[in-house]
Amino acid sequence: MRAIAEPVAKLIDEFSRLPGIGPKTASRLTFYLLRAPKEQALALADALRELKERTIFCSICFNITEASPCPICRDEGRDRSIICVVEEPLDVLAIERTREYKGLYHVLHGAISPVEGIGPDELKIRELLERLKAEPVEEVLLATNPNLEGEATAMYLARLIAPLGLRVTRLARGLPVGGDLEYADEVTLTRALEGRREM
Amino acid sequence: MGRERLYRTEAIVLKRSDFGEADRLLTLYTPEWGKLRVIAKGVRKPASRKSGHLELFTHSRLLVAKGRNLDIVTQAETIHSFRPLREDLLRTGWAYYAAELLDRFVGEGVENRLLFNLLLAMLGWLCEDVDLDLTARFYELRLLALVGYRPQLFHCLACRAEIEPGATPFFSPASGGLLCPRCGEGQRDAREISMPALKVLRFMQTNRYELCRRLRIGRSLHAELEETMRRYITYILERNLKSVEFLQRLQREMSE
Ligand SMILES: [Zn+2]
Ligand SMILES: [Zn+2]
């Protein structure tokens, strides 16, 4: 005989598969939803469904968007001479919050990490190079995380981009080494953007 | 030899992965406890004071609290950050390789101080040496000896006969080293090894790094040495190292 109803066990299972959620937290979330008003639980279910059904990658910058090209790539007011290269969509959000940066983006979807099997082919690097050849870009701002993987990725990109003769810059070291960009506060990020350097 | 509730240790960060909101799961190599997996809380936030001290391939002094499952790093202070490793992609690639090789050969919680010292020395060599392939071969030979897989390079593993100068012996990963021309003939995994390659490997197996680093080795000899060691290591580990693919790609792209 089962001690716990099948649908309950199933949801606990699903929550447990999420990053940073252990079996205890998974149970707590499940029982919270079990007791919550039906509308709240269904709103969560709808949000999950829409997340997968109504989002796509922007065909230009590979950010997550509802329609491709994304609002930033479509925006005529943005400076098309500069592309800011980031690891994750959350980094775009962090930089947009500063309101300092007016150029375009390119999302790599990760950083080079040989031991995890993430090499250049697993990232949107080929797509970036194609953009740089096709678009009127003058500067590439490498805004990968200031940790070893991010630095390795930046060095790799700088070498690939060098033959194209573009200005290649890197976020300044206002950011402590080892952290993730998405946790940077606006002040730190603004300073880092102002102090970008040649690479 | 249990660890205390709060203990100090030196450590080198071998590997890490994101964990929870802003934490990281670190695989450390320590002098007293060998390989150790610990949690570092909040280190992905830029404001974290620990993060810079817990970067990959950093040698640090840590204060660690025993946890229910995994121990937790409470303080971290850099002893040596090996900065040149972080500023040159090829050196970074080799550091990944050195860490991965060690990680694959050792289990958790087994003390091996000599291995710790070797890794520490290796990170230093990778910061300054020019012929990093040579450095890597030296590291492989030392590491293999320290974990019980020292390849036999002086006599035949089947008939015990010494390998005469002028002969072309075989290297057989399954046998653990050399086979003489007679015993190696027809052995499935045995491949001929040239006398120059054998001499380099013997020299590196029996001499200190300060002497070995002075060897000057040409491209084709390097290729043979690499192939021999790679075959042996892959045989023991029963799989390829992931960092090798990245290194080979870098070397290929840089020579273009
Ligand atoms: Zn876009
Ligand atoms: Zn023999």
# chains A, B, ... in the order shown; residues from 1 in each chain; ligands from 1

call {"tool": "interface_residues", "arguments": {"of": "chain B", "to": "chain A", "cutoff": "10 Å", "atoms": "only C-alpha atoms", "output": "number ranges by chain"}}
result
B: 15-23, 42-57, 85-90, 92-93, 96-97, 99-100, 241-247, 249-250, 253-254

call {"tool": "write_last_selection", "arguments": {"atoms": "C-alpha atoms", "output": "tab-separated table (two decimals), in the first residue's frame"}}
result
chain	number	residue	atom	x	y	z
B	15	LYS	CA	36.03	21.27	-9.90
B	16	ARG	CA	32.89	23.16	-9.07
B	17	SER	CA	29.27	23.38	-10.03
B	18	ASP	CA	26.41	25.70	-9.20
B	19	PHE	CA	24.26	24.60	-6.32
B	20	GLY	CA	21.00	26.14	-5.14
B	21	GLU	CA	20.42	29.90	-5.38
B	22	ALA	CA	23.93	31.27	-5.16
B	23	ASP	CA	26.00	28.42	-3.73
B	42	GLY	CA	26.68	32.57	-1.53
B	43	VAL	CA	29.88	32.59	-3.57
B	44	ARG	CA	28.16	33.35	-6.88
B	45	LYS	CA	27.14	36.79	-5.60
B	46	PRO	CA	29.68	39.48	-6.50
B	47	ALA	CA	29.53	40.75	-2.94
B	48	SER	CA	30.76	37.42	-1.60
B	49	ARG	CA	34.09	37.79	0.08
B	50	LYS	CA	34.91	34.12	-0.37
B	51	SER	CA	34.34	33.74	-4.11
B	52	GLY	CA	37.71	34.98	-5.34
B	53	HIS	CA	39.44	32.61	-2.94
B	54	LEU	CA	37.49	29.62	-4.19
B	55	GLU	CA	38.12	29.97	-7.90
B	56	LEU	CA	39.16	26.91	-9.88
B	57	PHE	CA	42.83	25.94	-9.48
B	85	LEU	CA	46.88	30.21	-15.73
B	86	ARG	CA	43.87	32.49	-16.01
B	87	GLU	CA	45.32	34.83	-18.60
B	88	ASP	CA	46.37	32.35	-21.26
B	89	LEU	CA	43.81	30.04	-22.76
B	90	LEU	CA	46.21	27.18	-23.44
B	92	THR	CA	43.90	27.30	-18.65
B	93	GLY	CA	43.24	24.25	-20.81
B	96	TYR	CA	41.70	21.74	-16.55
B	97	TYR	CA	43.49	18.64	-17.77
B	99	ALA	CA	42.75	18.72	-12.36
B	100	GLU	CA	40.57	16.29	-14.28
B	241	LEU	CA	39.18	12.81	-20.41
B	242	LYS	CA	36.82	15.60	-21.41
B	243	SER	CA	39.47	18.29	-21.17
B	244	VAL	CA	41.57	16.55	-23.84
B	245	GLU	CA	39.07	17.33	-26.55
B	246	PHE	CA	39.16	21.03	-25.69
B	247	LEU	CA	42.97	21.09	-25.55
B	249	ARG	CA	40.87	21.84	-30.42
B	250	LEU	CA	42.81	24.81	-29.04
B	253	GLU	CA	43.06	26.29	-33.96
B	254	MET	CA	46.18	28.03	-32.71

call {"tool": "residues_around", "arguments": {"residues": "Pro69 (chain A)", "least_positions_apart": "3", "cutoff": "8 Å", "atoms": "only C-alpha atoms", "output": "list in words"}}
result
Cys58, Ser59, Ile60, Thr65, Cys73 and Arg74 of chain A

call {"tool": "write_last_selection", "arguments": {"atoms": "C-alpha atoms", "output": "JSON list (two decimals), in the first residue's frame"}}
result
[["chain", "number", "residue", "atom", "x", "y", "z"],
["A", 58, "CYS", "CA", 15.49, 35.29, -30.84],
["A", 59, "SER", "CA", 16.90, 34.26, -34.21],
["A", 60, "ILE", "CA", 19.43, 37.10, -34.05],
["A", 65, "THR", "CA", 11.56, 36.09, -26.37],
["A", 73, "CYS", "CA", 16.89, 43.52, -31.82],
["A", 74, "ARG", "CA", 13.80, 45.18, -33.38]]

call {"tool": "select_by_dssp", "arguments": {"residues": "region 2-192 of chain A", "states": "helix (DSSP H, G or I)", "output": "short mmCIF file (atom, residue, chain, number, x, y, z; two decimals) with N, CA and C atoms, in the first residue's frame"}}
result
data_model
loop_
_atom_site.label_atom_id
_atom_site.label_comp_id
_atom_site.auth_asym_id
_atom_site.auth_seq_id
_atom_site.Cartn_x
_atom_site.Cartn_y
_atom_site.Cartn_z
N GLU A 6 -0.61 9.10 -5.38
CA GLU A 6 0.22 9.16 -6.59
C GLU A 6 0.47 10.58 -7.11
N PRO A 7 -0.59 11.43 -7.28
CA PRO A 7 -0.33 12.78 -7.82
C PRO A 7 0.59 13.60 -6.91
N VAL A 8 0.50 13.39 -5.60
CA VAL A 8 1.35 14.12 -4.67
C VAL A 8 2.80 13.69 -4.86
N ALA A 9 2.99 12.38 -4.89
CA ALA A 9 4.35 11.83 -5.07
C ALA A 9 4.96 12.34 -6.38
N LYS A 10 4.10 12.41 -7.41
CA LYS A 10 4.59 12.82 -8.72
C LYS A 10 5.09 14.27 -8.71
N LEU A 11 4.33 15.15 -8.05
CA LEU A 11 4.74 16.56 -8.02
C LEU A 11 6.01 16.74 -7.18
N ILE A 12 6.08 16.01 -6.05
CA ILE A 12 7.30 16.07 -5.23
C ILE A 12 8.50 15.66 -6.07
N ASP A 13 8.30 14.63 -6.84
CA ASP A 13 9.35 14.13 -7.74
C ASP A 13 9.81 15.20 -8.72
N GLU A 14 8.82 15.87 -9.33
CA GLU A 14 9.15 16.88 -10.33
C GLU A 14 9.89 18.06 -9.69
N PHE A 15 9.42 18.50 -8.54
CA PHE A 15 10.10 19.61 -7.85
C PHE A 15 11.54 19.22 -7.51
N SER A 16 11.72 17.98 -7.09
CA SER A 16 13.07 17.53 -6.67
C SER A 16 14.07 17.60 -7.80
N PRO A 23 14.61 17.07 -1.55
CA PRO A 23 13.35 16.37 -1.29
C PRO A 23 12.48 17.07 -0.24
N LYS A 24 13.13 17.67 0.76
CA LYS A 24 12.36 18.36 1.82
C LYS A 24 11.61 19.56 1.28
N THR A 25 12.34 20.42 0.56
CA THR A 25 11.71 21.61 -0.03
C THR A 25 10.64 21.18 -1.02
N ALA A 26 10.91 20.13 -1.77
CA ALA A 26 9.94 19.64 -2.76
C ALA A 26 8.63 19.25 -2.07
N SER A 27 8.73 18.57 -0.95
CA SER A 27 7.52 18.17 -0.22
C SER A 27 6.79 19.39 0.31
N ARG A 28 7.56 20.34 0.84
CA ARG A 28 6.94 21.53 1.42
C ARG A 28 6.16 22.29 0.34
N LEU A 29 6.78 22.48 -0.84
CA LEU A 29 6.11 23.18 -1.93
C LEU A 29 4.84 22.44 -2.35
N THR A 30 4.96 21.12 -2.45
CA THR A 30 3.82 20.32 -2.90
C THR A 30 2.65 20.45 -1.93
N PHE A 31 2.93 20.35 -0.64
CA PHE A 31 1.83 20.42 0.33
C PHE A 31 1.27 21.82 0.45
N TYR A 32 2.13 22.81 0.19
CA TYR A 32 1.64 24.19 0.16
C TYR A 32 0.61 24.33 -0.96
N LEU A 33 0.95 23.82 -2.14
CA LEU A 33 0.05 23.94 -3.28
C LEU A 33 -1.22 23.13 -3.08
N LEU A 34 -1.08 22.02 -2.39
CA LEU A 34 -2.23 21.15 -2.12
C LEU A 34 -3.27 21.91 -1.29
N ARG A 35 -2.80 22.75 -0.39
CA ARG A 35 -3.71 23.48 0.50
C ARG A 35 -4.09 24.84 -0.07
N LYS A 38 -7.45 26.72 -5.40
CA LYS A 38 -7.30 26.06 -6.68
C LYS A 38 -6.76 27.01 -7.75
N GLU A 39 -7.25 28.31 -7.72
CA GLU A 39 -6.84 29.27 -8.76
C GLU A 39 -5.32 29.49 -8.75
N GLN A 40 -4.77 29.51 -7.55
CA GLN A 40 -3.33 29.77 -7.45
C GLN A 40 -2.54 28.63 -8.09
N ALA A 41 -2.95 27.41 -7.77
CA ALA A 41 -2.24 26.26 -8.33
C ALA A 41 -2.38 26.21 -9.85
N LEU A 42 -3.59 26.52 -10.34
CA LEU A 42 -3.80 26.47 -11.79
C LEU A 42 -3.05 27.60 -12.50
N ALA A 43 -2.93 28.75 -11.82
CA ALA A 43 -2.17 29.87 -12.41
C ALA A 43 -0.72 29.44 -12.61
N LEU A 44 -0.19 28.70 -11.65
CA LEU A 44 1.19 28.21 -11.75
C LEU A 44 1.30 27.24 -12.93
N ALA A 45 0.31 26.36 -13.04
CA ALA A 45 0.31 25.39 -14.14
C ALA A 45 0.27 26.11 -15.49
N ASP A 46 -0.57 27.16 -15.58
CA ASP A 46 -0.67 27.93 -16.83
C ASP A 46 0.65 28.62 -17.15
N ALA A 47 1.26 29.20 -16.09
CA ALA A 47 2.51 29.92 -16.30
C ALA A 47 3.58 28.97 -16.83
N LEU A 48 3.59 27.76 -16.30
CA LEU A 48 4.57 26.76 -16.76
C LEU A 48 4.33 26.40 -18.21
N ARG A 49 3.07 26.19 -18.56
CA ARG A 49 2.74 25.82 -19.92
C ARG A 49 3.14 26.93 -20.89
N GLU A 50 2.80 28.19 -20.51
CA GLU A 50 3.12 29.32 -21.39
C GLU A 50 4.62 29.52 -21.53
N LEU A 51 5.33 29.21 -20.45
CA LEU A 51 6.78 29.35 -20.48
C LEU A 51 7.37 28.54 -21.62
N LYS A 52 6.84 27.33 -21.77
CA LYS A 52 7.39 26.47 -22.81
C LYS A 52 6.74 26.71 -24.17
N GLU A 53 5.44 27.07 -24.16
CA GLU A 53 4.73 27.18 -25.43
C GLU A 53 4.86 28.55 -26.08
N PRO A 71 12.32 42.22 -28.91
CA PRO A 71 12.12 43.68 -28.86
C PRO A 71 13.43 44.47 -28.95
N ILE A 72 14.50 43.98 -28.36
CA ILE A 72 15.76 44.73 -28.41
C ILE A 72 16.34 44.74 -29.82
N CYS A 73 16.36 43.59 -30.45
CA CYS A 73 16.89 43.52 -31.82
C CYS A 73 16.03 44.34 -32.80
N ARG A 74 14.71 44.44 -32.49
CA ARG A 74 13.80 45.18 -33.38
C ARG A 74 13.88 46.68 -33.16
N PRO A 89 20.50 34.66 -20.57
CA PRO A 89 19.46 35.69 -20.70
C PRO A 89 19.33 36.56 -19.44
N LEU A 90 19.56 35.99 -18.27
CA LEU A 90 19.47 36.77 -17.04
C LEU A 90 20.49 37.89 -17.01
N ASP A 91 21.62 37.70 -17.70
CA ASP A 91 22.64 38.74 -17.74
C ASP A 91 22.17 39.93 -18.56
N VAL A 92 21.38 39.66 -19.63
CA VAL A 92 20.79 40.75 -20.42
C VAL A 92 19.92 41.59 -19.50
N LEU A 93 19.12 40.92 -18.71
CA LEU A 93 18.22 41.60 -17.78
C LEU A 93 19.01 42.47 -16.81
N ALA A 94 20.09 41.92 -16.28
CA ALA A 94 20.91 42.66 -15.31
C ALA A 94 21.50 43.91 -15.95
N ILE A 95 21.98 43.80 -17.18
CA ILE A 95 22.59 44.96 -17.84
C ILE A 95 21.54 45.98 -18.25
N GLU A 96 20.36 45.47 -18.69
CA GLU A 96 19.27 46.39 -19.04
C GLU A 96 18.84 47.23 -17.84
N ARG A 97 18.89 46.65 -16.67
CA ARG A 97 18.48 47.37 -15.46
C ARG A 97 19.34 48.60 -15.21
N THR A 98 20.58 48.58 -15.70
CA THR A 98 21.46 49.74 -15.47
C THR A 98 21.04 50.94 -16.31
N PRO A 114 35.45 22.85 -20.07
CA PRO A 114 35.88 21.59 -20.68
C PRO A 114 35.46 20.35 -19.88
N VAL A 115 35.54 20.44 -18.55
CA VAL A 115 35.28 19.23 -17.77
C VAL A 115 33.79 18.88 -17.74
N GLU A 116 32.94 19.88 -17.97
CA GLU A 116 31.51 19.58 -18.08
C GLU A 116 31.14 19.27 -19.53
N PRO A 120 33.30 25.19 -27.38
CA PRO A 120 32.79 26.25 -28.26
C PRO A 120 31.56 25.83 -29.08
N ASP A 121 31.50 24.55 -29.46
CA ASP A 121 30.38 24.11 -30.30
C ASP A 121 29.05 24.08 -29.54
N GLU A 122 29.13 24.01 -28.22
CA GLU A 122 27.89 23.94 -27.43
C GLU A 122 27.32 25.34 -27.19
N ILE A 125 28.48 30.48 -30.58
CA ILE A 125 29.68 31.22 -31.02
C ILE A 125 29.72 31.36 -32.55
N ARG A 126 29.41 30.28 -33.22
CA ARG A 126 29.39 30.33 -34.68
C ARG A 126 28.38 31.40 -35.14
N GLU A 127 27.23 31.44 -34.45
CA GLU A 127 26.19 32.40 -34.78
C GLU A 127 26.67 33.83 -34.55
N LEU A 128 27.47 34.00 -33.50
CA LEU A 128 28.01 35.34 -33.22
C LEU A 128 28.93 35.79 -34.35
N LEU A 129 29.81 34.89 -34.77
CA LEU A 129 30.75 35.25 -35.84
C LEU A 129 30.02 35.61 -37.13
N GLU A 130 28.96 34.86 -37.41
CA GLU A 130 28.18 35.17 -38.61
C GLU A 130 27.56 36.56 -38.52
N ARG A 131 27.08 36.90 -37.31
CA ARG A 131 26.50 38.24 -37.10
C ARG A 131 27.54 39.31 -37.33
N LEU A 132 28.74 39.09 -36.78
CA LEU A 132 29.79 40.11 -36.85
C LEU A 132 30.20 40.36 -38.29
N LYS A 133 30.10 39.31 -39.11
CA LYS A 133 30.47 39.48 -40.52
C LYS A 133 29.36 40.19 -41.29
N ALA A 134 28.11 39.95 -40.88
CA ALA A 134 26.98 40.45 -41.66
C ALA A 134 26.48 41.82 -41.21
N LEU A 148 36.67 31.94 -13.90
CA LEU A 148 37.59 31.26 -14.83
C LEU A 148 36.92 30.87 -16.15
N GLU A 149 35.71 30.32 -16.06
CA GLU A 149 35.01 29.90 -17.28
C GLU A 149 34.69 31.10 -18.16
N GLY A 150 34.23 32.18 -17.51
CA GLY A 150 33.89 33.39 -18.25
C GLY A 150 35.12 34.01 -18.91
N GLU A 151 36.24 34.03 -18.18
CA GLU A 151 37.48 34.60 -18.73
C GLU A 151 37.98 33.74 -19.90
N ALA A 152 37.91 32.43 -19.73
CA ALA A 152 38.36 31.53 -20.79
C ALA A 152 37.52 31.76 -22.05
N THR A 153 36.22 31.92 -21.85
CA THR A 153 35.32 32.16 -22.98
C THR A 153 35.66 33.49 -23.66
N ALA A 154 35.92 34.51 -22.84
CA ALA A 154 36.27 35.82 -23.40
C ALA A 154 37.58 35.75 -24.19
N MET A 155 38.57 35.04 -23.64
CA MET A 155 39.85 34.93 -24.35
C MET A 155 39.66 34.19 -25.67
N TYR A 156 38.85 33.13 -25.61
CA TYR A 156 38.60 32.35 -26.82
C TYR A 156 37.94 33.23 -27.89
N LEU A 157 36.93 33.99 -27.48
CA LEU A 157 36.21 34.85 -28.43
C LEU A 157 37.11 35.96 -28.97
N ALA A 158 37.92 36.55 -28.10
CA ALA A 158 38.79 37.65 -28.53
C ALA A 158 39.71 37.18 -29.65
N ARG A 159 40.20 35.94 -29.50
CA ARG A 159 41.11 35.41 -30.51
C ARG A 159 40.38 35.17 -31.84
N LEU A 160 39.15 34.67 -31.74
CA LEU A 160 38.36 34.41 -32.96
C LEU A 160 37.98 35.70 -33.68
N ILE A 161 37.72 36.74 -32.89
CA ILE A 161 37.22 37.99 -33.46
C ILE A 161 38.35 38.85 -34.03
N ALA A 162 39.56 38.65 -33.48
CA ALA A 162 40.70 39.50 -33.86
C ALA A 162 40.86 39.69 -35.38
N PRO A 163 40.79 38.62 -36.17
CA PRO A 163 41.00 38.80 -37.62
C PRO A 163 39.96 39.71 -38.28
N LEU A 164 38.81 39.93 -37.62
CA LEU A 164 37.77 40.76 -38.22
C LEU A 164 38.07 42.25 -38.06
N LEU A 181 27.42 37.27 -12.95
CA LEU A 181 26.96 38.59 -13.33
C LEU A 181 25.54 38.87 -12.84
N GLU A 182 24.70 37.85 -12.86
CA GLU A 182 23.30 38.09 -12.54
C GLU A 182 23.11 38.58 -11.10
N TYR A 183 24.12 38.43 -10.25
CA TYR A 183 23.99 38.88 -8.86
C TYR A 183 24.58 40.26 -8.63
N GLU A 186 23.28 47.27 -9.47
CA GLU A 186 23.32 48.23 -10.56
C GLU A 186 24.57 49.10 -10.53
N VAL A 187 24.96 49.51 -9.34
CA VAL A 187 26.12 50.42 -9.22
C VAL A 187 27.39 49.74 -9.74
N THR A 188 27.60 48.53 -9.27
CA THR A 188 28.78 47.79 -9.70
C THR A 188 28.77 47.59 -11.20
N LEU A 189 27.61 47.22 -11.71
CA LEU A 189 27.51 46.94 -13.15
C LEU A 189 27.71 48.21 -13.97
N THR A 190 27.16 49.32 -13.50
CA THR A 190 27.32 50.58 -14.22
C THR A 190 28.79 50.94 -14.30
N ARG A 191 29.48 50.84 -13.19
CA ARG A 191 30.93 51.13 -13.18
C ARG A 191 31.68 50.21 -14.12
N ALA A 192 31.29 48.96 -14.10
CA ALA A 192 31.98 47.99 -14.93
C ALA A 192 31.78 48.31 -16.41
#

call {"tool": "closest_residue", "arguments": {"among": "B:Arg91, B:Arg182, B:Arg61, B:Lys41", "to": "ligand 2", "atoms": "only C-alpha atoms and all ligand atoms"}}
result
B:Arg182

call {"tool": "closest_residue", "arguments": {"among": "B:Trp125, B:Tyr235, B:Phe170, B:Trp33", "to": "ligand 2", "atoms": "only C-alpha atoms and all ligand atoms"}}
result
B:Phe170

call {"tool": "residues_near_ligand", "arguments": {"ligand": "ligand 2", "cutoff": "8 Å", "atoms": "only C-alpha atoms and all ligand atoms", "output": "list in words"}}
result
His155, Cys156, Leu157, Ala158, Cys159, Arg160, Ala161, Leu179, Cys180, Pro181, Arg182, Cys183 and Gly184 of chain B

call {"tool": "residues_around", "arguments": {"residues": "Glu138 (chain A)", "least_positions_apart": "2", "cutoff": "12 Å", "atoms": "only C-alpha atoms", "output": "number ranges by chain"}}
result
A: 79-84, 103-104, 131-136, 140-141, 161, 164-169

call {"tool": "write_last_selection", "arguments": {"atoms": "N, CA and C atoms", "output": "PDB file, in the first residue's frame"}}
result
ATOM      1  N   ASP A  79      21.789  51.238 -30.511  1.00  0.00           N
ATOM      2  CA  ASP A  79      23.054  51.428 -31.217  1.00  0.00           C
ATOM      3  C   ASP A  79      23.499  50.107 -31.839  1.00  0.00           C
ATOM      4  N   ARG A  80      23.478  50.045 -33.160  1.00  0.00           N
ATOM      5  CA  ARG A  80      23.785  48.784 -33.834  1.00  0.00           C
ATOM      6  C   ARG A  80      25.272  48.575 -34.062  1.00  0.00           C
ATOM      7  N   SER A  81      26.078  49.500 -33.585  1.00  0.00           N
ATOM      8  CA  SER A  81      27.519  49.353 -33.822  1.00  0.00           C
ATOM      9  C   SER A  81      28.188  48.563 -32.699  1.00  0.00           C
ATOM     10  N   ILE A  82      27.428  48.243 -31.654  1.00  0.00           N
ATOM     11  CA  ILE A  82      28.041  47.503 -30.542  1.00  0.00           C
ATOM     12  C   ILE A  82      27.193  46.295 -30.125  1.00  0.00           C
ATOM     13  N   ILE A  83      27.858  45.178 -29.927  1.00  0.00           N
ATOM     14  CA  ILE A  83      27.177  43.968 -29.454  1.00  0.00           C
ATOM     15  C   ILE A  83      27.806  43.545 -28.128  1.00  0.00           C
ATOM     16  N   CYS A  84      26.952  43.356 -27.141  1.00  0.00           N
ATOM     17  CA  CYS A  84      27.401  42.915 -25.827  1.00  0.00           C
ATOM     18  C   CYS A  84      27.164  41.406 -25.721  1.00  0.00           C
ATOM     19  N   GLY A 103      23.314  49.369 -26.747  1.00  0.00           N
ATOM     20  CA  GLY A 103      23.606  48.562 -27.925  1.00  0.00           C
ATOM     21  C   GLY A 103      22.788  47.281 -27.992  1.00  0.00           C
ATOM     22  N   LEU A 104      23.262  46.338 -28.790  1.00  0.00           N
ATOM     23  CA  LEU A 104      22.581  45.058 -28.946  1.00  0.00           C
ATOM     24  C   LEU A 104      23.269  43.988 -28.087  1.00  0.00           C
ATOM     25  N   ARG A 131      27.078  36.902 -37.310  1.00  0.00           N
ATOM     26  CA  ARG A 131      26.504  38.238 -37.103  1.00  0.00           C
ATOM     27  C   ARG A 131      27.545  39.313 -37.334  1.00  0.00           C
ATOM     28  N   LEU A 132      28.738  39.090 -36.778  1.00  0.00           N
ATOM     29  CA  LEU A 132      29.787  40.105 -36.851  1.00  0.00           C
ATOM     30  C   LEU A 132      30.203  40.363 -38.290  1.00  0.00           C
ATOM     31  N   LYS A 133      30.102  39.309 -39.114  1.00  0.00           N
ATOM     32  CA  LYS A 133      30.471  39.484 -40.519  1.00  0.00           C
ATOM     33  C   LYS A 133      29.359  40.187 -41.295  1.00  0.00           C
ATOM     34  N   ALA A 134      28.113  39.951 -40.878  1.00  0.00           N
ATOM     35  CA  ALA A 134      26.982  40.450 -41.661  1.00  0.00           C
ATOM     36  C   ALA A 134      26.483  41.816 -41.211  1.00  0.00           C
ATOM     37  N   GLU A 135      26.658  42.151 -39.931  1.00  0.00           N
ATOM     38  CA  GLU A 135      26.067  43.389 -39.415  1.00  0.00           C
ATOM     39  C   GLU A 135      27.114  44.500 -39.293  1.00  0.00           C
ATOM     40  N   PRO A 136      26.649  45.769 -39.259  1.00  0.00           N
ATOM     41  CA  PRO A 136      27.592  46.906 -39.207  1.00  0.00           C
ATOM     42  C   PRO A 136      28.160  47.127 -37.803  1.00  0.00           C
ATOM     43  N   VAL A 140      32.759  44.834 -30.012  1.00  0.00           N
ATOM     44  CA  VAL A 140      32.183  43.685 -29.317  1.00  0.00           C
ATOM     45  C   VAL A 140      32.588  43.799 -27.859  1.00  0.00           C
ATOM     46  N   LEU A 141      31.575  43.884 -26.987  1.00  0.00           N
ATOM     47  CA  LEU A 141      31.835  43.999 -25.555  1.00  0.00           C
ATOM     48  C   LEU A 141      31.641  42.616 -24.930  1.00  0.00           C
ATOM     49  N   ILE A 161      37.717  36.741 -32.888  1.00  0.00           N
ATOM     50  CA  ILE A 161      37.219  37.986 -33.464  1.00  0.00           C
ATOM     51  C   ILE A 161      38.352  38.846 -34.028  1.00  0.00           C
ATOM     52  N   LEU A 164      38.811  39.932 -37.618  1.00  0.00           N
ATOM     53  CA  LEU A 164      37.775  40.762 -38.223  1.00  0.00           C
ATOM     54  C   LEU A 164      38.067  42.251 -38.058  1.00  0.00           C
ATOM     55  N   GLY A 165      39.064  42.580 -37.236  1.00  0.00           N
ATOM     56  CA  GLY A 165      39.478  43.971 -37.092  1.00  0.00           C
ATOM     57  C   GLY A 165      38.509  44.848 -36.315  1.00  0.00           C
ATOM     58  N   LEU A 166      37.670  44.262 -35.470  1.00  0.00           N
ATOM     59  CA  LEU A 166      36.730  45.053 -34.671  1.00  0.00           C
ATOM     60  C   LEU A 166      37.358  45.406 -33.331  1.00  0.00           C
ATOM     61  N   ARG A 167      36.802  46.423 -32.688  1.00  0.00           N
ATOM     62  CA  ARG A 167      37.237  46.752 -31.339  1.00  0.00           C
ATOM     63  C   ARG A 167      36.631  45.713 -30.391  1.00  0.00           C
ATOM     64  N   VAL A 168      37.476  45.096 -29.588  1.00  0.00           N
ATOM     65  CA  VAL A 168      36.982  44.103 -28.633  1.00  0.00           C
ATOM     66  C   VAL A 168      37.253  44.607 -27.224  1.00  0.00           C
ATOM     67  N   THR A 169      36.196  44.739 -26.415  1.00  0.00           N
ATOM     68  CA  THR A 169      36.363  45.231 -25.044  1.00  0.00           C
ATOM     69  C   THR A 169      35.827  44.210 -24.058  1.00  0.00           C
TER      70      THR A 169
END

call {"tool": "select_by_dssp", "arguments": {"residues": "region 11-178 of chain B", "states": "strand (DSSP E or B)", "output": "number ranges by chain"}}
result
B: 11-19, 23-30, 34-40, 59-65, 71-80, 108, 152, 155, 162, 170-172, 177-178

call {"tool": "atom_distance", "arguments": {"atom1": "CA of Ile39 (chain B)", "atom2": "CA of Leu14 (chain B)"}}
result
13.5 Å
